[in-house]
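Asks: So here's protein.txt, just compact mmCIF, C-alpha atoms:
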```
# COMPACT_ATOMS: atom_id res chain seq x y z
CA MET A 256 129.42 -162.76 74.60
CA LEU A 257 130.38 -164.82 77.57
CA GLY A 258 132.34 -167.95 76.84
CA LYS A 259 132.18 -170.40 79.71
CA GLY A 260 135.39 -170.21 81.65
CA ASP A 261 137.35 -168.41 78.95
CA MET A 262 137.02 -164.87 80.21
CA GLY A 263 140.07 -162.84 79.35
CA ALA A 264 141.71 -165.86 77.75
CA GLU A 265 143.32 -164.02 74.83
CA PRO A 266 147.10 -163.65 74.73
CA PRO A 267 148.24 -161.84 77.89
CA GLY A 268 150.64 -159.63 75.91
CA ASP A 269 147.68 -157.83 74.33
CA ALA A 270 146.22 -157.05 77.73
CA VAL A 271 149.59 -155.78 78.95
CA ARG A 272 149.80 -153.48 75.93
CA LEU A 273 146.30 -152.19 76.65
CA ILE A 274 147.30 -151.35 80.25
CA GLN A 275 150.34 -149.47 78.95
CA GLN A 276 148.11 -147.51 76.58
CA ILE A 277 145.66 -146.76 79.39
CA ALA A 278 148.59 -145.39 81.38
CA GLN A 279 149.13 -142.93 78.53
CA GLY A 280 145.50 -141.78 78.84
CA ASP A 281 144.15 -143.82 75.89
CA ARG A 282 140.38 -144.09 76.45
CA GLY A 283 139.92 -146.40 73.47
CA ALA A 284 142.33 -148.88 75.06
CA PHE A 285 140.45 -148.50 78.32
CA GLY A 286 137.18 -149.39 76.54
CA SER A 287 138.78 -152.49 75.00
CA PHE A 288 140.24 -153.53 78.35
CA TYR A 289 136.81 -153.11 79.95
CA ASP A 290 135.12 -155.20 77.24
CA ARG A 291 137.61 -157.97 77.75
CA PHE A 292 137.74 -158.10 81.53
CA ALA A 293 134.51 -156.58 82.91
CA PRO A 294 132.67 -159.96 82.88
CA PHE A 295 135.63 -161.58 84.68
CA VAL A 296 135.68 -158.85 87.35
CA LEU A 297 131.89 -158.75 87.77
CA THR A 298 131.68 -162.53 88.09
CA PHE A 299 134.30 -162.52 90.81
CA ALA A 300 132.73 -159.50 92.54
CA THR A 301 129.30 -161.16 92.50
CA ARG A 302 130.67 -164.27 94.16
CA LEU A 303 132.53 -162.19 96.76
CA LEU A 304 129.67 -159.92 97.75
CA ARG A 305 126.74 -162.20 96.84
CA ALA A 306 124.71 -159.14 95.89
CA ARG A 307 124.37 -158.05 92.29
CA SER A 308 123.99 -154.31 92.86
CA GLU A 309 126.97 -154.13 95.23
CA ALA A 310 129.03 -156.18 92.79
CA GLU A 311 128.19 -153.73 90.00
CA ASP A 312 129.34 -150.84 92.20
CA LEU A 313 132.56 -152.75 92.87
CA LEU A 314 133.04 -153.31 89.12
CA GLN A 315 132.85 -149.55 88.60
CA GLU A 316 135.34 -148.86 91.40
CA VAL A 317 137.80 -151.46 90.13
CA PHE A 318 137.88 -150.05 86.61
CA LEU A 319 138.23 -146.49 87.89
CA GLN A 320 141.26 -147.70 89.84
CA VAL A 321 142.59 -149.33 86.66
CA TRP A 322 142.27 -145.97 84.86
CA ARG A 323 143.98 -144.09 87.66
CA GLN A 324 146.74 -146.58 88.44
CA ALA A 325 147.55 -148.26 85.12
CA GLY A 326 150.96 -146.56 85.27
CA SER A 327 151.83 -148.53 88.40
CA TYR A 328 151.26 -151.93 86.74
CA THR A 329 154.35 -153.88 85.78
CA GLN A 330 154.30 -157.30 84.18
CA ASP A 331 156.81 -158.72 86.65
CA ARG A 332 154.19 -158.39 89.38
CA GLY A 333 151.86 -160.82 87.62
CA SER A 334 149.38 -161.17 84.78
CA PRO A 335 146.69 -158.55 84.14
CA GLU A 336 144.11 -161.04 85.45
CA ALA A 337 146.02 -161.52 88.72
CA TRP A 338 146.35 -157.71 89.02
CA LEU A 339 142.61 -157.23 88.50
CA ILE A 340 141.81 -159.96 91.00
CA THR A 341 144.09 -158.34 93.59
CA ILE A 342 142.32 -154.99 93.17
CA THR A 343 138.84 -156.52 93.19
CA ARG A 344 139.52 -158.80 96.10
CA SER A 345 141.15 -156.12 98.22
CA ARG A 346 138.23 -153.70 97.76
CA GLY A 347 135.62 -156.47 97.94
CA ILE A 348 136.94 -158.00 101.16
CA ASP A 349 137.04 -154.54 102.78
CA LYS A 350 133.36 -154.14 101.93
CA LEU A 351 132.57 -157.64 103.14
CA ARG A 352 134.35 -157.12 106.45
CA SER A 353 132.67 -153.78 107.07
CA ILE A 354 129.29 -155.37 106.36
CA ARG A 355 130.17 -158.14 108.82
CA ARG A 356 131.23 -155.68 111.49
CA ARG A 357 127.99 -153.78 110.98
CA ASP A 358 125.77 -156.82 111.04
CA LYS A 359 127.77 -158.76 113.66
CA GLY A 360 126.26 -162.05 112.51
CA PHE A 361 128.34 -163.12 109.56
CA VAL A 362 126.12 -166.16 109.43
CA SER A 363 123.89 -164.46 106.89
CA ILE A 364 126.80 -163.80 104.54
CA GLU A 365 128.70 -167.01 104.79
CA GLU A 366 125.65 -169.27 104.99
CA PRO A 367 122.61 -167.65 103.38
CA GLY A 368 120.47 -170.32 105.09
CA GLY A 369 121.89 -169.13 108.36
CA ALA A 370 120.84 -171.36 111.19
CA GLU A 371 123.54 -174.00 111.12
CA ALA A 372 126.67 -171.91 110.85
CA GLY A 373 129.62 -172.95 112.97
CA ARG A 374 129.83 -176.50 111.79
CA GLU A 375 130.67 -177.73 108.36
CA LEU A 376 127.58 -178.70 106.44
CA LYS A 377 127.30 -181.58 104.07
CA ARG A 378 126.49 -179.72 100.90
CA GLU A 379 123.85 -181.00 98.53
CA GLU A 380 124.31 -180.87 94.78
CA GLY A 381 121.90 -177.92 94.55
CA GLU A 382 123.97 -175.83 96.93
CA THR A 383 126.87 -175.86 94.52
CA GLU A 384 124.79 -173.66 92.23
CA ALA A 385 124.04 -171.32 95.13
CA ARG A 386 127.81 -170.91 95.56
CA LEU A 387 127.98 -169.93 91.87
CA MET A 388 130.48 -172.68 91.14
CA ILE A 389 130.43 -174.48 87.84
CA GLU A 390 132.49 -177.33 86.48
CA GLY A 391 136.05 -176.26 86.99
CA PRO A 392 139.27 -176.78 88.86
CA LEU A 393 137.57 -176.69 92.25
CA ALA A 394 135.46 -179.66 91.24
CA ARG A 395 138.63 -181.74 90.97
CA LEU A 396 139.80 -180.97 94.49
CA PRO A 397 138.76 -182.96 97.55
CA GLN A 398 135.77 -181.36 99.27
CA ALA A 399 137.72 -180.43 102.42
CA GLN A 400 140.33 -178.55 100.34
CA GLN A 401 137.66 -176.81 98.23
CA ARG A 402 135.96 -175.66 101.38
CA VAL A 403 138.98 -173.93 102.96
CA LEU A 404 140.06 -172.34 99.65
CA GLU A 405 136.57 -170.96 99.08
CA MET A 406 136.24 -169.66 102.63
CA ALA A 407 139.56 -167.82 102.31
CA TYR A 408 139.47 -166.66 98.71
CA PHE A 409 135.81 -165.87 98.19
CA ASP A 410 134.55 -165.25 101.73
CA GLY A 411 137.59 -163.40 103.06
CA PHE A 412 138.12 -165.49 106.19
CA THR A 413 141.64 -165.83 107.62
CA GLN A 414 143.18 -169.17 108.56
CA ALA A 415 142.31 -168.70 112.26
CA GLU A 416 138.72 -167.72 111.45
CA ILE A 417 138.33 -170.75 109.20
CA ALA A 418 139.72 -173.08 111.88
CA ALA A 419 137.28 -171.62 114.41
CA ARG A 420 134.31 -171.86 112.08
CA LEU A 421 135.06 -175.43 111.05
CA GLY A 422 136.06 -176.50 114.55
CA GLU A 423 139.30 -177.92 113.13
CA PRO A 424 142.90 -177.44 114.36
CA LEU A 425 144.73 -174.55 112.66
CA GLY A 426 147.41 -176.95 111.41
CA THR A 427 144.80 -179.05 109.60
CA VAL A 428 143.35 -175.96 107.91
CA LYS A 429 146.82 -174.82 106.77
CA THR A 430 147.63 -178.27 105.39
CA ARG A 431 144.36 -178.38 103.45
CA MET A 432 145.02 -174.92 102.02
CA ARG A 433 148.54 -175.80 100.94
CA ASP A 434 147.48 -179.13 99.43
CA GLY A 435 144.65 -177.41 97.57
CA LEU A 436 146.97 -174.68 96.28
CA GLU A 437 149.52 -177.24 95.16
CA ARG A 438 146.84 -178.98 93.09
CA LEU A 439 145.73 -175.65 91.65
CA ARG A 440 149.30 -174.86 90.60
CA GLY A 441 149.43 -178.27 88.96
CA LEU A 442 146.18 -177.57 87.13
CA LEU A 443 147.47 -174.20 85.96
CA GLY A 444 150.63 -175.86 84.65
CA ALA A 445 148.57 -178.51 82.83
CA LYS A 446 146.31 -175.81 81.37
CA ALA A 447 149.31 -173.86 80.12
CA ALA A 448 150.77 -177.03 78.62
CA GLU A 449 147.50 -177.73 76.78
CA GLY A 450 147.77 -174.20 75.41
CA THR A 451 144.12 -173.49 76.22
CA GLY A 452 145.07 -170.53 78.42
CA MET B 98 163.10 -170.59 110.69
CA ASN B 99 163.51 -172.95 107.77
CA HIS B 100 162.95 -171.08 104.50
CA SER B 101 160.39 -173.60 103.27
CA GLU B 102 158.16 -172.34 106.08
CA TRP B 103 158.34 -168.84 104.59
CA LEU B 104 157.31 -170.28 101.23
CA GLU B 105 154.33 -171.99 102.88
CA ARG B 106 153.36 -168.69 104.44
CA ALA B 107 153.71 -167.03 101.03
CA GLU B 108 151.03 -169.38 99.69
CA ILE B 109 148.58 -168.69 102.50
CA TYR B 110 149.35 -164.97 102.17
CA ALA B 111 148.47 -165.12 98.45
CA LEU B 112 145.18 -166.69 99.45
CA GLY B 113 144.59 -163.74 101.79
CA ALA B 114 144.29 -166.04 104.81
CA LEU B 115 147.48 -165.33 106.74
CA ASP B 116 146.79 -163.50 110.00
CA GLY B 117 148.19 -162.44 113.38
CA GLU B 118 151.90 -162.66 114.13
CA GLU B 119 152.56 -164.87 111.10
CA LEU B 120 151.19 -162.13 108.83
CA ARG B 121 153.33 -159.42 110.43
CA GLN B 122 156.46 -161.56 110.29
CA PHE B 123 155.86 -162.54 106.67
CA GLU B 124 155.24 -158.95 105.56
CA ALA B 125 158.51 -157.91 107.21
CA HIS B 126 160.28 -160.83 105.52
CA LEU B 127 158.87 -159.78 102.15
CA ALA B 128 159.70 -156.12 102.73
CA ALA B 129 163.32 -157.06 103.38
CA GLY B 130 163.38 -158.36 99.79
CA CYS B 131 163.04 -162.13 99.43
CA ALA B 132 163.02 -163.02 95.74
CA SER B 133 161.96 -166.65 96.18
CA CYS B 134 158.96 -165.70 98.34
CA GLU B 135 157.99 -163.01 95.79
CA THR B 136 158.11 -165.66 93.08
CA ARG B 137 156.02 -168.13 95.08
CA LEU B 138 153.51 -165.37 95.85
CA ARG B 139 153.21 -164.50 92.17
CA GLU B 140 152.84 -168.13 91.09
CA THR B 141 150.19 -168.79 93.70
CA ARG B 142 148.24 -165.68 92.71
CA GLU B 143 148.33 -166.82 89.08
CA ALA B 144 147.11 -170.30 90.06
CA LEU B 145 144.31 -168.74 92.10
CA THR B 146 142.95 -166.95 89.01
CA LEU B 147 141.64 -170.39 88.05
CA LEU B 148 139.03 -170.10 90.80
CA PRO B 149 137.06 -167.11 89.44
CA ARG B 150 137.40 -168.58 85.95
CA ALA B 151 135.42 -171.56 87.17
CA LEU B 152 132.42 -169.42 88.14
CA ALA B 153 129.34 -169.07 85.94
CA PRO B 154 129.98 -165.81 84.05
CA VAL B 155 127.94 -162.73 84.94
CA ALA B 156 127.43 -160.14 82.17
CA PRO B 157 127.86 -156.47 83.09
CA PRO B 158 124.69 -154.35 82.78
CA PRO B 159 124.40 -152.48 79.45
CA GLY B 160 124.75 -148.96 80.88
CA ALA B 161 127.82 -149.65 83.00
CA ARG B 162 130.39 -149.15 80.25
CA ALA B 163 129.05 -145.77 79.15
CA ARG B 164 128.81 -144.60 82.77
CA LEU B 165 132.42 -145.53 83.39
CA LEU B 166 133.67 -143.86 80.20
CA ASN B 167 131.77 -140.68 81.10
CA GLN B 168 133.32 -140.72 84.52
CA ILE B 169 136.89 -141.04 83.25
CA ALA B 170 136.22 -138.34 80.66
CA ALA B 171 135.09 -136.08 83.52
CA GLU B 172 138.29 -136.84 85.42
CA GLY B 173 140.42 -135.31 82.70
CA ALA B 174 142.34 -136.43 79.69
CA ARG B 175 144.88 -138.52 81.55
CA PRO B 176 144.95 -140.90 84.47
CA GLU B 177 146.24 -139.30 87.65
CA GLY B 178 148.53 -142.25 88.35
CA ARG B 179 152.25 -141.73 88.17
CA ARG B 180 153.62 -141.73 84.66
CA PRO B 181 156.70 -143.75 83.98
CA GLY B 182 159.70 -141.47 84.43
CA TRP B 183 160.98 -142.14 80.93
CA LEU B 184 157.90 -140.53 79.47
CA TRP B 185 158.82 -137.17 80.95
CA TRP B 186 162.37 -137.59 79.77
CA GLY B 187 160.97 -138.48 76.36
CA ILE B 188 158.83 -135.35 76.31
CA GLY B 189 161.79 -133.24 77.42
CA ALA B 190 163.99 -134.84 74.81
CA GLY B 191 161.32 -134.22 72.17
CA ALA B 192 161.17 -130.53 73.00
CA ALA B 193 164.96 -130.31 73.00
CA ALA B 194 165.03 -132.06 69.64
CA GLY B 195 162.62 -129.52 68.10
CA LEU B 196 164.80 -126.67 69.31
CA LEU B 197 167.93 -128.24 67.89
CA ILE B 198 166.32 -128.65 64.47
CA ALA B 199 165.34 -125.00 64.56
CA LEU B 200 168.95 -124.18 65.26
CA GLY B 201 170.10 -126.30 62.36
CA TRP B 202 171.85 -129.01 64.30
CA ASN B 203 172.08 -132.33 62.61
CA LEU B 204 170.20 -135.46 63.55
CA SER B 205 173.13 -137.37 64.98
CA VAL B 206 173.58 -134.73 67.68
CA MET B 207 169.98 -135.23 68.77
CA ARG B 208 170.39 -138.98 68.82
CA GLN B 209 173.39 -138.63 71.08
CA GLU B 210 171.40 -136.38 73.39
CA LEU B 211 168.60 -138.93 73.53
CA GLN B 212 171.03 -141.72 74.28
CA LYS B 213 172.51 -139.69 77.11
CA LEU B 214 169.05 -139.11 78.51
CA GLU B 215 168.25 -142.80 78.28
CA VAL B 216 171.42 -143.63 80.18
CA ARG B 217 170.52 -141.00 82.78
CA VAL B 218 166.99 -142.42 83.10
CA SER B 219 168.34 -145.95 83.63
CA ALA B 220 170.69 -144.66 86.31
CA LEU B 221 167.84 -142.79 88.03
CA ARG B 222 165.63 -145.86 87.92
CA ALA B 223 168.34 -147.98 89.53
CA GLU B 224 168.87 -145.29 92.15
CA VAL B 225 165.15 -145.14 92.98
CA ALA B 226 165.00 -148.95 93.31
CA GLN B 227 167.96 -148.91 95.70
CA LYS B 228 166.45 -146.13 97.76
CA GLU B 229 163.17 -148.00 98.00
CA GLN B 230 165.01 -151.04 99.30
CA THR B 231 166.83 -148.89 101.86
CA LEU B 232 163.53 -147.48 103.07
CA ARG B 233 162.03 -150.95 103.35
CA LEU B 234 165.00 -152.09 105.42
CA LEU B 235 164.85 -149.00 107.64
CA SER B 236 161.20 -149.64 108.46
CA ASP B 237 161.76 -153.32 109.31
CA PRO B 238 161.95 -153.96 113.08
CA GLN B 239 164.20 -157.01 112.49
CA VAL B 240 166.90 -154.89 110.88
CA HIS B 241 170.01 -153.90 112.85
CA LEU B 242 171.75 -150.61 112.13
CA VAL B 243 175.52 -151.03 112.42
CA SER B 244 177.65 -147.86 112.43
CA LEU B 245 181.10 -148.24 110.88
CA ALA B 246 183.79 -145.79 112.03
CA GLY B 247 186.71 -144.55 109.92
CA LEU B 248 190.09 -146.08 110.88
CA PRO B 249 193.56 -144.41 110.50
CA PRO B 250 193.85 -144.73 106.67
CA SER B 251 190.60 -142.69 106.34
CA PRO B 252 189.56 -141.20 109.73
CA GLY B 253 186.97 -138.94 108.04
CA ALA B 254 185.10 -141.84 106.49
CA ALA B 255 181.94 -143.42 107.90
CA GLY B 256 179.57 -146.21 107.00
CA ARG B 257 176.30 -147.85 107.97
CA VAL B 258 175.24 -151.43 107.46
CA LEU B 259 171.51 -152.24 107.58
CA TRP B 260 171.50 -155.93 108.38
CA ASN B 261 168.57 -158.31 108.71
CA PRO B 262 169.93 -161.44 110.47
CA VAL B 263 166.70 -163.34 109.78
CA THR B 264 166.55 -162.94 106.01
CA ARG B 265 170.38 -162.67 105.73
CA THR B 266 170.00 -159.53 103.60
CA GLY B 267 171.34 -156.04 104.00
CA ILE B 268 172.94 -152.99 102.47
CA LEU B 269 176.06 -150.89 103.07
CA LEU B 270 176.15 -147.10 102.80
CA THR B 271 179.42 -145.19 103.01
CA SER B 272 180.67 -141.62 102.83
CA GLY B 273 184.08 -139.98 102.89
CA LEU B 274 186.10 -143.00 101.72
CA PRO B 275 189.20 -142.04 99.66
CA ALA B 276 189.05 -142.52 95.89
CA VAL B 277 189.94 -146.08 94.88
CA PRO B 278 193.49 -146.39 93.41
CA ARG B 279 193.81 -148.04 90.01
CA GLY B 280 193.57 -151.83 90.18
CA ARG B 281 192.05 -151.79 93.66
CA ALA B 282 188.56 -151.94 95.18
CA TYR B 283 186.97 -151.80 98.60
CA GLU B 284 185.67 -155.05 100.04
CA LEU B 285 183.07 -155.46 102.77
CA TRP B 286 183.49 -158.25 105.33
CA ALA B 287 180.91 -159.80 107.61
CA ILE B 288 182.78 -161.06 110.65
CA ALA B 289 181.69 -163.96 112.86
CA GLY B 290 184.17 -164.19 115.76
CA LYS B 291 187.55 -164.50 114.04
CA GLU B 292 186.19 -165.52 110.67
CA ALA B 293 185.68 -162.92 107.91
CA VAL B 294 183.19 -163.69 105.14
CA PRO B 295 183.36 -161.63 101.88
CA ALA B 296 180.21 -159.50 101.63
CA GLY B 297 180.70 -157.54 98.40
CA VAL B 298 183.24 -155.51 96.41
CA PHE B 299 182.62 -151.86 95.57
CA THR B 300 184.07 -148.55 94.47
CA VAL B 301 182.98 -145.08 95.56
CA ASP B 302 181.93 -141.84 93.90
CA GLU B 303 183.76 -138.53 94.31
CA GLY B 304 182.20 -138.07 97.77
CA GLY B 305 183.48 -141.49 98.88
CA ARG B 306 179.88 -142.71 98.78
CA THR B 307 178.44 -146.06 97.81
CA LEU B 308 175.23 -148.00 98.24
CA LEU B 309 176.01 -151.72 98.13
CA ARG B 310 173.45 -154.50 98.33
CA LEU B 311 174.93 -157.41 100.27
CA PRO B 312 174.97 -160.81 98.56
CA PRO B 313 173.24 -163.73 100.34
CA LEU B 314 175.43 -164.62 103.34
CA PRO B 315 175.81 -168.06 104.96
CA GLU B 316 172.93 -168.95 107.29
CA ALA B 317 174.96 -170.81 109.90
CA LYS B 318 177.06 -167.82 110.98
CA THR B 319 176.19 -165.18 113.56
CA PHE B 320 177.92 -161.99 112.46
CA ASP B 321 179.00 -159.55 115.14
CA LYS B 322 181.10 -157.07 113.13
CA PHE B 323 181.34 -155.54 109.67
CA ALA B 324 184.55 -154.12 108.19
CA VAL B 325 185.78 -152.57 104.94
CA THR B 326 189.31 -153.12 103.59
CA LEU B 327 191.10 -152.00 100.43
CA GLU B 328 191.87 -155.01 98.24
CA PRO B 329 192.89 -155.94 94.67
CA ALA B 330 190.07 -155.13 92.20
CA GLY B 331 187.69 -158.09 91.97
CA GLY B 332 188.04 -158.90 95.65
CA VAL B 333 189.82 -161.61 97.60
CA PRO B 334 188.52 -164.50 99.75
CA GLN B 335 190.28 -163.28 102.92
CA PRO B 336 191.20 -159.69 103.89
CA THR B 337 194.78 -158.69 103.01
CA GLY B 338 194.77 -154.89 102.73
CA PRO B 339 194.41 -151.96 105.15
CA MET B 340 191.14 -151.70 107.06
CA HIS B 341 189.24 -148.43 106.46
CA LEU B 342 185.95 -148.99 108.29
CA LEU B 343 184.89 -151.14 111.26
CA GLY B 344 181.75 -151.46 113.37
CA SER B 345 180.08 -153.93 115.77
CA LEU B 346 176.47 -155.05 116.07
```
What does this structure look like when you write it as structure tokens?
Replies:
Amino acid sequence: MLGKGDMGAEPPGDAVRLIQQIAQGDRGAFGSFYDRFAPFVLTFATRLLRARSEAEDLLQEVFLQVWRQAGSYTQDRGSPEAWLITITRSRGIDKLRSIRRRDKGFVSIEEPGGAEAGRELKREEGETEARLMIEGPLARLPQAQQRVLEMAYFDGFTQAEIAARLGEPLGTVKTRMRDGLERLRGLLGAKAAEGTG
Amino acid sequence: MNHSEWLERAEIYALGALDGEELRQFEAHLAAGCASCETRLRETREALTLLPRALAPVAPPPGARARLLNQIAAEGARPEGRRPGWLWWGIGAGAAAGLLIALGWNLSVMRQELQKLEVRVSALRAEVAQKEQTLRLLSDPQVHLVSLAGLPPSPGAAGRVLWNPVTRTGILLTSGLPAVPRGRAYELWAIAGKEAVPAGVFTVDEGGRTLLRLPPLPEAKTFDKFAVTLEPAGGVPQPTGPMHLLGSL
């Protein structure tokens, strides 16, 4: 039951209530929360780690953390989705960085093709699928902005690492990130206004 | 640094891409309690949830759910995470209520007890939040600790101001100040040269203690002293009453 792009798109208040019930030890609420958000978390984890089995392990870890720390969630810190993403990303990036340290050559992770890392590649249409992207907000951003957002958000590179890998000045990378984020905030506002959640 | 630069850093921080000195400085800025940066961080994180939503969905494997539920069942009936404090008060109040019924007390008495507990819980929550802020300030390398000494009207009194000149935030802690006379209040002053800027009005408990969060103070001024005077309740724009505490940066 995976609706394209509508994962976890029910009213956020319901999800908040589920988290509160989980904090009281309600396993039924935990099951419902899992059913609603596991595809969202696994999709994100798969893109982060680019390996299905490791992503499934991460899914398990994230939901165990939800069970253990539901009491620490408060709505003023963000939506349940943003909370889940923070947990998933934090654990996922740790894994990614330890794999990179182990393997030294992060070429194989960032560019599965490998050989031409270090300079920005002109991506073909087909590569978009390899990056697991579908039609969505990223498609509406200029390519240069998409690239830096993806490298930071999904590949866990910092601004300095991105600048080095793209051979661009740090200031240019920061500007692209901020411009991209500004457009994303605009898209989120438009989405909320449409009421499509 | 212009505050819009902090907001820009907040965005890159939300993206997880801030690094080096900028990261350390921003985390210290955030720890000192900057509401507008917290808001920008939250908004950016929400906007970023659009990115994973744009990915082709991946369905969890069929056995994963059952495995997870077995694991949490094995961990015990309840999550190990901290329970909200009110829950324990609620449980305590529930037990107390049962006892009162057994003793034949009427319902209104129990309601009053519950209300008292709720008030107590709110007070404890506020106290915990204040203490957390104090700890954050204490661990911030940008924060100055200013000792305030008791002057002749209250030689036994003492105070401390934790002041972050970068974020313009801080708190005042006092002890041993005399009880506030009716119609009066203590007022804290941040002093830049000969100019005193009002920095909050407060009263004290029976130990002469207070914990006051300073309001946002003007950016252009470099404060070199803090002082406490006794003023009409509600505070005044310039000090008029006797000075009880004084200290220099």
Asks: For chain B, which residue among A:Glu423, A:Asp290, A:Asp269, A:Glu309 is the nearest when counting all atoms listed in the file?
Replies: A:Asp290
Asks: Just the residues within 12 Å of Leu165 of chain B, please, counting all atoms listed in the file, with nothing from its chain fewer than 2 positions along; format it as a PyMOL selection string.
Replies: (chain A and resi 282+285-286+289-290+293+311-322) or (chain B and resi 157-163+167-172)
Asks: With only C-alpha atoms considered, list every residue of chain B at most 10 Å from chain A, as a tab-separated table (two decimals) with C-alpha atoms, in the coordinates of the input.
Replies:
```
chain	number	residue	atom	x	y	z
B	105	GLU	CA	154.33	-171.99	102.88
B	106	ARG	CA	153.36	-168.69	104.44
B	108	GLU	CA	151.03	-169.38	99.69
B	109	ILE	CA	148.58	-168.69	102.50
B	110	TYR	CA	149.35	-164.97	102.17
B	111	ALA	CA	148.47	-165.12	98.45
B	112	LEU	CA	145.18	-166.69	99.45
B	113	GLY	CA	144.59	-163.74	101.79
B	114	ALA	CA	144.29	-166.04	104.81
B	115	LEU	CA	147.48	-165.33	106.74
B	116	ASP	CA	146.79	-163.50	110.00
B	117	GLY	CA	148.19	-162.44	113.38
B	135	GLU	CA	157.99	-163.01	95.79
B	136	THR	CA	158.11	-165.66	93.08
B	138	LEU	CA	153.51	-165.37	95.85
B	139	ARG	CA	153.21	-164.50	92.17
B	140	GLU	CA	152.84	-168.13	91.09
B	141	THR	CA	150.19	-168.79	93.70
B	142	ARG	CA	148.24	-165.68	92.71
B	143	GLU	CA	148.33	-166.82	89.08
B	144	ALA	CA	147.11	-170.30	90.06
B	145	LEU	CA	144.31	-168.74	92.10
B	146	THR	CA	142.95	-166.95	89.01
B	147	LEU	CA	141.64	-170.39	88.05
B	148	LEU	CA	139.03	-170.10	90.80
B	149	PRO	CA	137.06	-167.11	89.44
B	150	ARG	CA	137.40	-168.58	85.95
B	151	ALA	CA	135.42	-171.56	87.17
B	152	LEU	CA	132.42	-169.42	88.14
B	153	ALA	CA	129.34	-169.07	85.94
B	154	PRO	CA	129.98	-165.81	84.05
B	155	VAL	CA	127.94	-162.73	84.94
B	156	ALA	CA	127.43	-160.14	82.17
B	157	PRO	CA	127.86	-156.47	83.09
B	158	PRO	CA	124.69	-154.35	82.78
B	161	ALA	CA	127.82	-149.65	83.00
B	162	ARG	CA	130.39	-149.15	80.25
B	163	ALA	CA	129.05	-145.77	79.15
B	164	ARG	CA	128.81	-144.60	82.77
B	165	LEU	CA	132.42	-145.53	83.39
B	166	LEU	CA	133.67	-143.86	80.20
B	168	GLN	CA	133.32	-140.72	84.52
B	169	ILE	CA	136.89	-141.04	83.25
B	170	ALA	CA	136.22	-138.34	80.66
B	172	GLU	CA	138.29	-136.84	85.42
B	173	GLY	CA	140.42	-135.31	82.70
B	174	ALA	CA	142.34	-136.43	79.69
B	175	ARG	CA	144.88	-138.52	81.55
B	176	PRO	CA	144.95	-140.90	84.47
B	177	GLU	CA	146.24	-139.30	87.65
B	178	GLY	CA	148.53	-142.25	88.35
B	179	ARG	CA	152.25	-141.73	88.17
B	180	ARG	CA	153.62	-141.73	84.66
B	181	PRO	CA	156.70	-143.75	83.98
B	184	LEU	CA	157.90	-140.53	79.47
```
Asks: Using all atoms listed in the file, determine which residues lie at most 10 Å from Ala324 of chain B, disregarding the query and same-chain residues fewer than 6 positions distant; provide the list as a list in words.
Replies: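 Within the cut-off, the hits are Leu245, Ala246, Gly247, Gly256, Val258, Glu284, Leu285, Trp286, Ala287, Ile288, Ala293, Pro295, Ala296, Pro336, Met340, His341, Leu342, Leu343, Gly344 and Ser345 of chain B.
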Asks: Find the distance between atom CA of Cys131 of chain B and atom CA of Thr264 of chain B and write it in Å to one decimal.
Replies: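 If I compute the distance from atom CA of Cys131 of chain B to atom CA of Thr264 of chain B, I get 7.5 Å.
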Asks: If I take atom CA of Val294 of chain B and atom CA of Arg137 of chain B, how far is one from the other in Å, to one decimal?
Replies: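 Atom CA of Val294 of chain B sits 29.3 Å away from atom CA of Arg137 of chain B.
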Asks: Report, in Å to a single decimal, how far apart atom CA of Tyr283 of chain B and atom CA of Val325 of chain B are.
Replies: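 It comes out at 6.5 Å.
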